[in-house]
Structure formats: structure tokens, C-alpha cells
Amino acid sequence: MENASDKPLTLAEKVWRDHVVVRGEDNEGQRSPDLLYIDLHLIHEVTSPQAFEGLRLAGRQVRRPDLTIATEDHNTPTLEIHKPIADPVSRIQVDTLRANCEEFGIRLHSLGDANQGIVHVVGPQLGLTQPGMTVVCGDSHTSTHGAFGSLAMGIGTSEVEHVLATQTLSLKPFKTMAVTVNGTLRPGVSSKDIILAVIAKIGTGGGQGYVLEYRGTAIEQLSMEARMTICNMSIEAGARAGMVAPDETTFDYVKGRPHAPTGAEWDSAVEYWRSLRTDAGAEFDAEVVIDADQLEPFVTWGTNPGQGVSLSESVPAPTDFDDPVDRESAERALEYMDLQPGTPMKDIRVDTVFLGSCTNSRLEDLRSAAEILRGREKDPQVRMIVVPGSAQVRLEAEAEGLDQVFKDFGAEWRFAGCSMCLGMNPDQLAPGERCASTSNRNFEGRQGKGGRTHLVSPVVAAATAIRGTLSAPADVLLPEPTPA
Ligand SMILES: CC(C)[C@H](C(=O)O)[C@@H](O)C(=O)O
Ligand code: SF4
């Protein structure tokens, strides 16, 4: 990545350029890190305690509490949220966040507050996430915010402390990769399938060192929610960040939100935001091309997000992989997942369906699943839990009756949080249980010790809950009534 002013730049390079406080030095072709200004710092209970402790020990304050915002999400229960948190470790985490935010003057959205929820749902919802920003959070899925054309990165706890203290962050130069998604998605295929297909193609390390820019007609046609789903999982390809150039869809989404600029400030913001597009002639260090027309609903069979296939395919055999590392990893994954090569994916029966997480818990996700479930019956052996990404999403869903659709279907309607995305709260799989999950990680034990995860889109989750086996929306379509 270079910064020469006459050179055509990619979107990521422009945002970077506009935030450099101190430029790194070139040493024989190797550039030392740049110091960047950070526009928005999001915080949650898991990765912030030591950072605050560090500030306390050094006698420092938070440099810009007004650009820092906290929410409770990972350790919070999704039932009986008015009661004290039962698990002592989780309670301490959340109490510590509350005490730290109080001491350092940081706005916190606590359990019970309308803006509490998963940090990556709350930022965009409040209009805090805006195009062209640098956004950080001590959380790998911060890449979600890149959907707005911001450079959004997950950082470690020592970096959280640095940002709290200085509102800047030292960052190594990155490489750029264009992920071009041409064509149009077919019915029943969604943005989750795009990103699962991208990761299956480039591998979980394929994005390492890169900032990905998702572009092409299929991306332009996507809503902000769908773009967030894609950017969210950039980290699962190992990327530093994922971005989409802001356009009218982005501006329409941001406009009128509590922290969006207004009046003349809005106009000048939009003018700047329109400049945040990759210049004609700008060069990417790498490019991947995907054809959206060819995509089918996608599902993972293994224990990393790159181990996926189209739902109409079968469980692969380790011998299908030429690379010995991939072969060994497939062998181990199949054993953990208790799957036999050659089994049609659609024959795999699940115990649980989880609709939620920062990947797929926004209103649009809930709506698309509800549309499939409405008036249908759940497979009696399946338990389904639906967890809105924020208290606000929950309220909006209730206002349009989605909660009733889920309840009538036999699903549980929960309060907002990370929930079953990871085993840090009471919502967990029992050992050996199998789950179709709209979350982003299928690592061993991710949803509870011994639990088995298949990553899917919201509409696949819904279809699966109806049939009890992994299913595509087309599998549950009712036949057209024959005219009398
Ligand atoms: C707990 C947190 C640090 C972690 C992350 O960084 O992503 C979590 O959100 C996850 O999804 O695994
Ligand atoms: S919902 Fe899952 S992926 Fe997202 S922040 Fe929470 S634990 Fe991490």
C-alpha cells in the first residue's frame, strides 16, 4: 500500500490516507506502522477489563469518551434479564464493565436498555458507524462495520488500552483484495451464502494481510443488513477487514439515525462519502471473482468456516483434498462432527436451530426467516431459538408481529445478546448436539463443549427447523393450490 497523492487509490487506501496522524518510515522497502486516528471505539465486557486496569495503573484518562461506547452482549443471558446474572464469572465481567464505564465516563447500554445488544448491531443501528470512518473494537467481528465503507478492525486488549488513552492506533500497512461478486442472487440464496462460498474458495487463511473490498453487481444490489453479514465474516477468511463502497443504499440507511449528521453537515458528509470509491485504474494486490448466479444455499460440514459446500452436495471425503493439511483437517472435522463422507448434506438431522449473532440477527434476517416459517409447524424434535441482535431489533420485530410468528411456529423468542453464537452465557449446546446456526464460527466446542455447528443463512435455518434436516427454502415450499 502506498500513499502517493497522484496515484489512483482503492477505497481502503483512501480511508487510511485520511486518518494518518504519523506516517511510518520506509526502511529498505519495509514500512513501519502508521499511526492512525480512530473515529469510533466500541467496547464490550470481554476484552475491556485489563485495558481499563492498565489506564488505572498508569493514572490515565480516556482521551475521547465521546467517541467511545460500550454495550453488554457476550456474557448476558437472553431469558429473565431482570434477574442478577446467575453465573459468577459472567456477572463479574458485566459488573466490571459497568464500574469501568462509570469511572471513566463512558456511555454504556446495559441489559434492559433499548440500545443494548451485540456491539456490531448497536453501532450501525445508532448511526454511530458511518462511511469513511476508522472503527475499532476488541472483537474480531468488528469487520462488520466495513459494510458502510469504513475501515473497521478487531483489536487486542493492549490496543484497546492504547485507543482508550490516545484515540489513535499504530497499524501495519495492508494489502488489498477485490472480491468481485457478479450477477444476481437467485431466490432462496442470500448474502450469507456469498460469504461462505468466498471463504470456501480462498480458505480461512486466504485473506491474511488483506483488506477485502466486496464489489460487483450482486453486492450493489444488497441491503445494508446483507452487506454487514458479508463484511462480518471477512475475519473468517483471515482478512484484516472487509469493506463495501458507500452508495445510496448506505446513505439511506444512515440518514435519520440518532448519530447521523443533519442539515448542512449531512450534505457535506454525503459529498465526502461519495468520493469513497476505488478510483478507476487503482490496483488491487489480488482479486477473487464469484458468480452470484451460480450460487446455491451454502452450509458448512466441518469445524472451520471454510469447510463448506452447497446444500445439494454431500459430505466430502478427506481423500477429496489434495493438500495433506486440508486432508488431515477434514478427517479430524468429520470425526468431531460425526459425519460420514458421501452423506447428502440434506440428510443431516439437527437438534437445534439458532437464529441470531452479529452475522444474522438484524430485522431483515428475522423477517426473511419468519416469511418461511409463517403458518408452518416446527419439526417436533428440533428446538429453535431466535435471538434478536439488539433490544431495538426485538422491539421492531415485535411491532410487526414477528415474535408471534416465531412463537406460533414453536420457536423460543429471546432477549438480545450473543447468545448461542459462543459458549459464554447460558445458551449452549449439550455435548454431541448438532445445530444449524446463523452465526459465523463452527469451531469445536464453539456453541458449547462437544456441540456441532453447521453454519447457514437465516432462510436455511428456517427451512431446517421445519424439516428437521438441513434444508433449502425451496424444499419447504408448499405446492401452489390447484384451481377448483
Ligand atoms: C469474545 C471476543 C473477543 C470474540 C471475538 O473477538 O470475536 C467473540 O466475539 C467471538 O466471536 O469469538
Ligand atoms: S455474536 Fe458471536 S461473533 Fe458476534 S460478537 Fe458476539 S460472540 Fe462474537
# chains A, B, ... in the order shown; residues from 1 in each chain; ligands from 1
call {"tool": "residues_around", "arguments": {"residues": "segment 389-400 of chain A", "least_positions_apart": "2", "cutoff": "10 Å", "atoms": "only C-alpha atoms", "output": "PyMOL selection string"}}
result
chain A and resi 73+111-122+125-126+355-367+386-387+402-405+413-419
call {"tool": "write_last_selection", "arguments": {"atoms": "N, CA and C atoms", "output": "CSV table (one decimal), in the first residue's frame"}}
result
chain,number,residue,atom,x,y,z
A,73,ASP,N,-23.0,-7.7,25.9
A,73,ASP,CA,-23.5,-8.7,24.9
A,73,ASP,C,-23.1,-10.2,25.1
A,111,LEU,N,-28.0,-4.2,29.9
A,111,LEU,CA,-29.2,-5.1,29.8
A,111,LEU,C,-30.4,-4.3,30.2
A,112,GLY,N,-31.5,-4.4,29.4
A,112,GLY,CA,-32.7,-3.7,29.8
A,112,GLY,C,-32.9,-2.4,29.0
A,113,ASP,N,-31.8,-1.9,28.5
A,113,ASP,CA,-31.8,-0.6,27.8
A,113,ASP,C,-32.2,-0.9,26.3
A,114,ALA,N,-32.9,0.0,25.7
A,114,ALA,CA,-33.4,-0.2,24.3
A,114,ALA,C,-32.2,-0.3,23.3
A,115,ASN,N,-31.0,0.2,23.7
A,115,ASN,CA,-29.9,0.1,22.8
A,115,ASN,C,-28.9,-0.9,23.2
A,116,GLN,N,-29.3,-1.8,24.1
A,116,GLN,CA,-28.3,-2.9,24.5
A,116,GLN,C,-28.4,-3.9,23.3
A,117,GLY,N,-27.3,-4.6,23.2
A,117,GLY,CA,-27.3,-5.6,22.2
A,117,GLY,C,-25.9,-5.9,21.7
A,118,ILE,N,-25.8,-6.8,20.7
A,118,ILE,CA,-24.5,-7.1,20.2
A,118,ILE,C,-23.8,-5.9,19.6
A,119,VAL,N,-22.6,-5.7,20.0
A,119,VAL,CA,-21.9,-4.4,19.7
A,119,VAL,C,-21.9,-4.1,18.2
A,120,HIS,N,-21.9,-5.1,17.4
A,120,HIS,CA,-21.9,-4.8,15.9
A,120,HIS,C,-23.2,-4.6,15.3
A,121,VAL,N,-24.2,-4.8,16.1
A,121,VAL,CA,-25.6,-4.5,15.7
A,121,VAL,C,-25.9,-3.0,16.2
A,122,VAL,N,-25.4,-2.7,17.4
A,122,VAL,CA,-25.8,-1.5,18.0
A,122,VAL,C,-25.1,-0.3,17.3
A,125,GLN,N,-26.9,0.6,14.2
A,125,GLN,CA,-28.3,1.0,14.5
A,125,GLN,C,-28.4,2.4,15.0
A,126,LEU,N,-27.4,2.8,15.8
A,126,LEU,CA,-27.4,4.2,16.3
A,126,LEU,C,-26.9,5.2,15.3
A,355,LEU,N,-31.1,-18.9,15.4
A,355,LEU,CA,-31.2,-17.7,14.5
A,355,LEU,C,-30.8,-16.5,15.4
A,356,GLY,N,-29.6,-16.0,15.1
A,356,GLY,CA,-29.0,-14.9,15.9
A,356,GLY,C,-27.6,-14.6,15.5
A,357,SER,N,-26.9,-13.9,16.3
A,357,SER,CA,-25.5,-13.5,16.2
A,357,SER,C,-25.3,-12.2,15.4
A,358,CYS,N,-24.1,-11.6,15.5
A,358,CYS,CA,-23.9,-10.4,14.8
A,358,CYS,C,-23.8,-10.6,13.3
A,359,THR,N,-23.8,-11.8,12.8
A,359,THR,CA,-23.9,-12.1,11.4
A,359,THR,C,-25.3,-12.0,10.9
A,360,ASN,N,-26.3,-12.5,11.6
A,360,ASN,CA,-27.6,-12.6,11.1
A,360,ASN,C,-28.7,-12.4,12.1
A,361,SER,N,-28.7,-11.3,12.8
A,361,SER,CA,-29.8,-11.1,13.8
A,361,SER,C,-30.5,-9.8,13.7
A,362,ARG,N,-30.3,-9.2,12.5
A,362,ARG,CA,-31.0,-7.9,12.3
A,362,ARG,C,-32.4,-8.1,11.8
A,363,LEU,N,-33.2,-7.0,11.8
A,363,LEU,CA,-34.6,-7.2,11.4
A,363,LEU,C,-34.8,-7.9,10.1
A,364,GLU,N,-34.0,-7.6,9.1
A,364,GLU,CA,-34.2,-8.2,7.8
A,364,GLU,C,-34.0,-9.8,7.9
A,365,ASP,N,-33.0,-10.2,8.7
A,365,ASP,CA,-32.7,-11.6,8.9
A,365,ASP,C,-33.9,-12.3,9.5
A,366,LEU,N,-34.5,-11.6,10.6
A,366,LEU,CA,-35.6,-12.2,11.3
A,366,LEU,C,-36.8,-12.3,10.3
A,367,ARG,N,-37.0,-11.2,9.6
A,367,ARG,CA,-38.1,-11.2,8.6
A,367,ARG,C,-38.0,-12.3,7.6
A,386,VAL,N,-34.6,-18.0,18.8
A,386,VAL,CA,-34.5,-16.8,17.9
A,386,VAL,C,-34.0,-15.7,18.9
A,387,VAL,N,-32.9,-15.1,18.5
A,387,VAL,CA,-32.3,-14.1,19.4
A,387,VAL,C,-32.0,-12.8,18.6
A,402,LEU,N,-43.5,-10.3,14.4
A,402,LEU,CA,-42.6,-11.5,14.1
A,402,LEU,C,-42.4,-12.4,15.2
A,403,ASP,N,-42.4,-11.8,16.5
A,403,ASP,CA,-42.3,-12.7,17.6
A,403,ASP,C,-43.4,-13.7,17.7
A,404,GLN,N,-44.6,-13.3,17.3
A,404,GLN,CA,-45.8,-14.2,17.3
A,404,GLN,C,-45.6,-15.3,16.2
A,405,VAL,N,-45.1,-14.9,15.1
A,405,VAL,CA,-44.8,-15.9,14.0
A,405,VAL,C,-43.9,-17.0,14.6
A,413,TRP,N,-38.5,-17.2,21.7
A,413,TRP,CA,-38.2,-15.7,21.4
A,413,TRP,C,-37.5,-15.1,22.6
A,414,ARG,N,-36.2,-14.8,22.3
A,414,ARG,CA,-35.3,-14.4,23.4
A,414,ARG,C,-35.0,-12.9,23.4
A,415,PHE,N,-34.3,-12.5,24.5
A,415,PHE,CA,-33.8,-11.1,24.6
A,415,PHE,C,-32.4,-11.1,23.9
A,416,ALA,N,-32.0,-9.8,23.6
A,416,ALA,CA,-30.8,-9.6,22.7
A,416,ALA,C,-29.5,-10.0,23.4
A,417,GLY,N,-28.6,-10.5,22.6
A,417,GLY,CA,-27.2,-10.8,23.0
A,417,GLY,C,-26.5,-11.7,22.1
A,418,CYS,N,-25.3,-12.1,22.4
A,418,CYS,CA,-24.5,-13.0,21.5
A,418,CYS,C,-25.1,-14.4,21.6
A,419,SER,N,-25.6,-14.7,22.8
A,419,SER,CA,-26.4,-16.0,23.0
A,419,SER,C,-25.6,-17.2,22.5
call {"tool": "select_by_dssp", "arguments": {"residues": "segment 191-224 of chain A", "states": "helix (DSSP H, G or I)", "output": "MDAnalysis selection string"}}
result
chainID A and resid 191:202 217:220 224
call {"tool": "write_last_selection", "arguments": {"atoms": "C-alpha atoms", "output": "compact mmCIF listing (two decimals), in the first residue's frame"}}
result
# COMPACT_ATOMS: atom_id res chain seq x y z
CA SER A 191 -25.52 -12.82 1.37
CA LYS A 192 -24.53 -15.49 3.92
CA ASP A 193 -24.16 -17.93 1.04
CA ILE A 194 -21.92 -15.44 -0.79
CA ILE A 195 -19.51 -15.13 2.11
CA LEU A 196 -19.50 -18.85 2.92
CA ALA A 197 -18.69 -19.50 -0.75
CA VAL A 198 -15.92 -16.87 -0.71
CA ILE A 199 -14.33 -18.44 2.37
CA ALA A 200 -14.65 -21.95 0.93
CA LYS A 201 -12.88 -20.65 -2.16
CA ILE A 202 -10.00 -18.68 -0.63
CA THR A 217 -23.46 -6.07 -9.20
CA ALA A 218 -24.53 -8.66 -6.62
CA ILE A 219 -23.00 -6.58 -3.81
CA GLU A 220 -24.51 -3.34 -5.10
CA MET A 224 -27.04 -2.81 4.36
call {"tool": "closest_atom_pairs", "arguments": {"of": "chain A", "to": "ligand 1", "cutoff": "9 Å", "atoms": "only C-alpha atoms and all ligand atoms", "output": "tab-separated table"}}
result
residue	atom	partner	partner_atom_place_in_ligand_line	distance
A:His44	CA	ligand 1	1 (C)	8.5
A:Glu45	CA	ligand 1	1 (C)	8.5
A:Val46	CA	ligand 1	1 (C)	5.5
A:Thr47	CA	ligand 1	3 (C)	5.8
A:His74	CA	ligand 1	1 (C)	6.8
A:Cys137	CA	ligand 1	6 (O)	8.6
A:Gly138	CA	ligand 1	3 (C)	6.2
A:Asp139	CA	ligand 1	6 (O)	3.4
A:Ser140	CA	ligand 1	6 (O)	3.9
A:His141	CA	ligand 1	7 (O)	5.3
A:Thr142	CA	ligand 1	7 (O)	8.0
A:Gly154	CA	ligand 1	6 (O)	6.9
A:Ile155	CA	ligand 1	6 (O)	8.0
A:Gly156	CA	ligand 1	3 (C)	8.1
A:Thr157	CA	ligand 1	3 (C)	8.9
A:Ile235	CA	ligand 1	7 (O)	8.9
A:Ser357	CA	ligand 1	11 (O)	8.8
A:Cys358	CA	ligand 1	11 (O)	8.6
A:Cys418	CA	ligand 1	9 (O)	7.9
A:Cys421	CA	ligand 1	11 (O)	7.2
A:Leu422	CA	ligand 1	12 (O)	6.7
A:Met424	CA	ligand 1	1 (C)	8.3
A:Ser439	CA	ligand 1	11 (O)	8.9
A:Asn440	CA	ligand 1	11 (O)	7.7
A:Arg441	CA	ligand 1	11 (O)	7.4
A:Arg446	CA	ligand 1	12 (O)	8.3
call {"tool": "write_last_selection", "arguments": {"atoms": "N, CA and C atoms", "output": "compact mmCIF listing (two decimals), in the first residue's frame"}}
result
# COMPACT_ATOMS: atom_id res chain seq x y z
N HIS A 44 -16.96 -3.94 24.69
CA HIS A 44 -17.85 -4.87 25.41
C HIS A 44 -17.14 -5.47 26.61
N GLU A 45 -17.85 -6.31 27.34
CA GLU A 45 -17.35 -6.74 28.65
C GLU A 45 -16.16 -7.70 28.60
N VAL A 46 -15.96 -8.40 27.45
CA VAL A 46 -14.95 -9.46 27.46
C VAL A 46 -13.52 -8.93 27.34
N THR A 47 -13.31 -7.98 26.44
CA THR A 47 -11.93 -7.58 26.13
C THR A 47 -11.53 -6.23 26.72
N HIS A 74 -21.81 -10.40 25.33
CA HIS A 74 -21.33 -11.78 25.32
C HIS A 74 -21.78 -12.61 26.53
N CYS A 137 -12.72 -2.19 17.75
CA CYS A 137 -13.35 -2.80 18.92
C CYS A 137 -12.50 -4.01 19.27
N GLY A 138 -12.42 -4.32 20.52
CA GLY A 138 -11.69 -5.51 20.94
C GLY A 138 -12.53 -6.73 20.61
N ASP A 139 -12.74 -6.94 19.33
CA ASP A 139 -13.61 -8.04 18.90
C ASP A 139 -13.37 -8.29 17.41
N SER A 140 -13.13 -9.53 17.06
CA SER A 140 -12.74 -9.82 15.68
C SER A 140 -13.82 -9.47 14.66
N HIS A 141 -15.07 -9.51 15.05
CA HIS A 141 -16.12 -9.26 14.05
C HIS A 141 -16.44 -7.79 13.84
N THR A 142 -15.52 -6.95 14.30
CA THR A 142 -15.63 -5.51 14.03
C THR A 142 -15.65 -5.25 12.52
N GLY A 154 -10.90 -5.46 14.21
CA GLY A 154 -10.83 -6.01 15.55
C GLY A 154 -9.43 -5.79 16.10
N ILE A 155 -9.34 -5.48 17.39
CA ILE A 155 -8.03 -5.24 18.00
C ILE A 155 -7.91 -6.02 19.31
N GLY A 156 -6.69 -6.18 19.79
CA GLY A 156 -6.45 -6.90 21.03
C GLY A 156 -6.59 -5.96 22.24
N THR A 157 -6.57 -6.57 23.42
CA THR A 157 -6.82 -5.77 24.63
C THR A 157 -5.77 -4.69 24.86
N ILE A 235 -13.27 -11.72 8.59
CA ILE A 235 -12.26 -12.21 9.53
C ILE A 235 -12.14 -13.73 9.48
N SER A 357 -26.90 -13.89 16.35
CA SER A 357 -25.49 -13.48 16.23
C SER A 357 -25.31 -12.23 15.39
N CYS A 358 -24.13 -11.61 15.52
CA CYS A 358 -23.88 -10.36 14.78
C CYS A 358 -23.83 -10.58 13.29
N CYS A 418 -25.26 -12.07 22.38
CA CYS A 418 -24.51 -13.00 21.52
C CYS A 418 -25.09 -14.41 21.61
N CYS A 421 -24.15 -18.02 19.94
CA CYS A 421 -23.03 -17.89 19.00
C CYS A 421 -21.76 -18.43 19.62
N LEU A 422 -21.64 -18.24 20.94
CA LEU A 422 -20.46 -18.78 21.63
C LEU A 422 -20.82 -19.12 23.07
N MET A 424 -20.41 -18.46 26.13
CA MET A 424 -20.03 -17.59 27.25
C MET A 424 -21.23 -17.18 28.10
N SER A 439 -24.76 -18.15 12.87
CA SER A 439 -23.59 -17.42 13.36
C SER A 439 -22.42 -17.58 12.39
N ASN A 440 -21.22 -17.29 12.85
CA ASN A 440 -20.09 -17.21 11.92
C ASN A 440 -18.94 -18.17 12.19
N ARG A 441 -18.99 -18.87 13.31
CA ARG A 441 -17.88 -19.80 13.62
C ARG A 441 -18.41 -21.16 13.98
N ARG A 446 -17.49 -24.44 20.04
CA ARG A 446 -17.83 -23.02 19.98
C ARG A 446 -19.19 -22.71 20.64
call {"tool": "residues_around", "arguments": {"residues": "segment 50-63 of chain A", "least_positions_apart": "3", "cutoff": "7 Å", "atoms": "only C-alpha atoms", "output": "count of residues only"}}
result
10
call {"tool": "closest_residue", "arguments": {"among": "A:Gln340, A:Thr300, A:Ser143, A:Ser368", "to": "Met233 of chain A", "atoms": "only C-alpha atoms"}}
result
A:Ser143
call {"tool": "residues_around", "arguments": {"residues": "Ser329 of chain A", "least_positions_apart": "2", "cutoff": "12 Å", "atoms": "only C-alpha atoms", "output": "ChimeraX atom specification"}}
result
/A:301-304,306-307,317-327,331-337,443
call {"tool": "residues_around", "arguments": {"residues": "Thr134 of chain A", "least_positions_apart": "5", "cutoff": "12 Å", "atoms": "only C-alpha atoms", "output": "count of residues only"}}
result
38
call {"tool": "closest_residue", "arguments": {"among": "A:Glu102, A:Glu328, A:Asp427, A:Asp267", "to": "ligand 2", "atoms": "only C-alpha atoms and all ligand atoms"}}
result
A:Asp427
call {"tool": "residues_around", "arguments": {"residues": "Arg277 of chain A", "least_positions_apart": "2", "cutoff": "8 Å", "atoms": "only C-alpha atoms", "output": "list in words"}}
result
Thr10, Leu11, Ala245, Pro246, Arg274, Ser275 and Asp279 of chain A
call {"tool": "write_last_selection", "arguments": {"atoms": "C-alpha atoms", "output": "tab-separated table (two decimals), in the first residue's frame"}}
result
chain	number	residue	atom	x	y	z
A	10	THR	CA	-8.65	1.86	-3.57
A	11	LEU	CA	-11.42	2.62	-1.08
A	245	ALA	CA	-18.07	1.28	-1.08
A	246	PRO	CA	-20.82	3.52	0.29
A	274	ARG	CA	-19.40	9.80	-2.47
A	275	SER	CA	-15.65	10.21	-3.02
A	279	ASP	CA	-10.56	5.00	-8.40
call {"tool": "atom_distance", "arguments": {"atom1": "atom CA of Gly205 of chain A", "atom2": "atom CA of Ile230 of chain A"}}
result
16.4 Å
call {"tool": "closest_residue", "arguments": {"among": "A:Leu429, A:Asn75, A:Glu371, A:Gly342", "to": "ligand 2", "atoms": "only C-alpha atoms and all ligand atoms"}}
result
A:Asn75
call {"tool": "closest_residue", "arguments": {"among": "A:Ala260, A:Val270, A:Met420, A:Val309", "to": "ligand 2", "atoms": "only C-alpha atoms and all ligand atoms"}}
result
A:Met420
call {"tool": "residues_around", "arguments": {"residues": "segment 466-470 of chain A", "least_positions_apart": "6", "cutoff": "12 Å", "atoms": "only C-alpha atoms", "output": "PyMOL selection string"}}
result
chain A and resi 297-301+310-314+343-353+369-370+372-384+406+409-411+434-437+453-457+459-460+476-478
call {"tool": "decode", "arguments": {"residues": "segment 207-223 of chain A", "atoms": "N, CA and C atoms", "output": "tab-separated table (two decimals), in the first residue's frame"}}
result
chain	number	residue	atom	x	y	z
A	207	GLY	N	-7.35	-14.57	3.26
A	207	GLY	CA	-7.43	-13.11	3.33
A	207	GLY	C	-6.33	-12.49	4.18
A	208	GLN	N	-5.42	-13.34	4.67
A	208	GLN	CA	-4.41	-12.86	5.63
A	208	GLN	C	-3.58	-11.69	5.09
A	209	GLY	N	-3.57	-10.60	5.86
A	209	GLY	CA	-2.79	-9.43	5.46
A	209	GLY	C	-3.54	-8.48	4.54
A	210	TYR	N	-4.74	-8.90	4.11
A	210	TYR	CA	-5.50	-8.09	3.15
A	210	TYR	C	-6.68	-7.38	3.81
A	211	VAL	N	-7.02	-6.23	3.19
A	211	VAL	CA	-8.34	-5.66	3.41
A	211	VAL	C	-9.13	-6.03	2.16
A	212	LEU	N	-10.28	-6.67	2.35
A	212	LEU	CA	-11.09	-7.10	1.21
A	212	LEU	C	-12.07	-5.99	0.83
A	213	GLU	N	-12.23	-5.78	-0.45
A	213	GLU	CA	-13.31	-4.90	-0.89
A	213	GLU	C	-14.30	-5.72	-1.71
A	214	TYR	N	-15.51	-5.84	-1.19
A	214	TYR	CA	-16.57	-6.58	-1.90
A	214	TYR	C	-17.21	-5.62	-2.89
A	215	ARG	N	-17.26	-6.02	-4.14
A	215	ARG	CA	-17.81	-5.16	-5.18
A	215	ARG	C	-18.49	-6.00	-6.23
A	216	GLY	N	-19.07	-5.36	-7.23
A	216	GLY	CA	-19.77	-6.09	-8.29
A	216	GLY	C	-21.27	-5.95	-8.12
A	217	THR	N	-22.00	-6.32	-9.18
A	217	THR	CA	-23.46	-6.07	-9.20
A	217	THR	C	-24.19	-6.74	-8.04
A	218	ALA	N	-23.80	-7.95	-7.69
A	218	ALA	CA	-24.53	-8.66	-6.62
A	218	ALA	C	-24.38	-7.91	-5.29
A	219	ILE	N	-23.22	-7.31	-5.06
A	219	ILE	CA	-23.00	-6.58	-3.81
A	219	ILE	C	-23.80	-5.27	-3.84
A	220	GLU	N	-23.78	-4.61	-4.99
A	220	GLU	CA	-24.51	-3.34	-5.10
A	220	GLU	C	-26.00	-3.54	-4.85
A	221	GLN	N	-26.51	-4.71	-5.20
A	221	GLN	CA	-27.95	-4.96	-5.03
A	221	GLN	C	-28.33	-5.30	-3.58
A	222	LEU	N	-27.35	-5.51	-2.74
A	222	LEU	CA	-27.65	-5.96	-1.38
A	222	LEU	C	-28.04	-4.81	-0.45
A	223	SER	N	-28.88	-5.12	0.51
A	223	SER	CA	-29.24	-4.16	1.57
A	223	SER	C	-28.04	-3.98	2.50
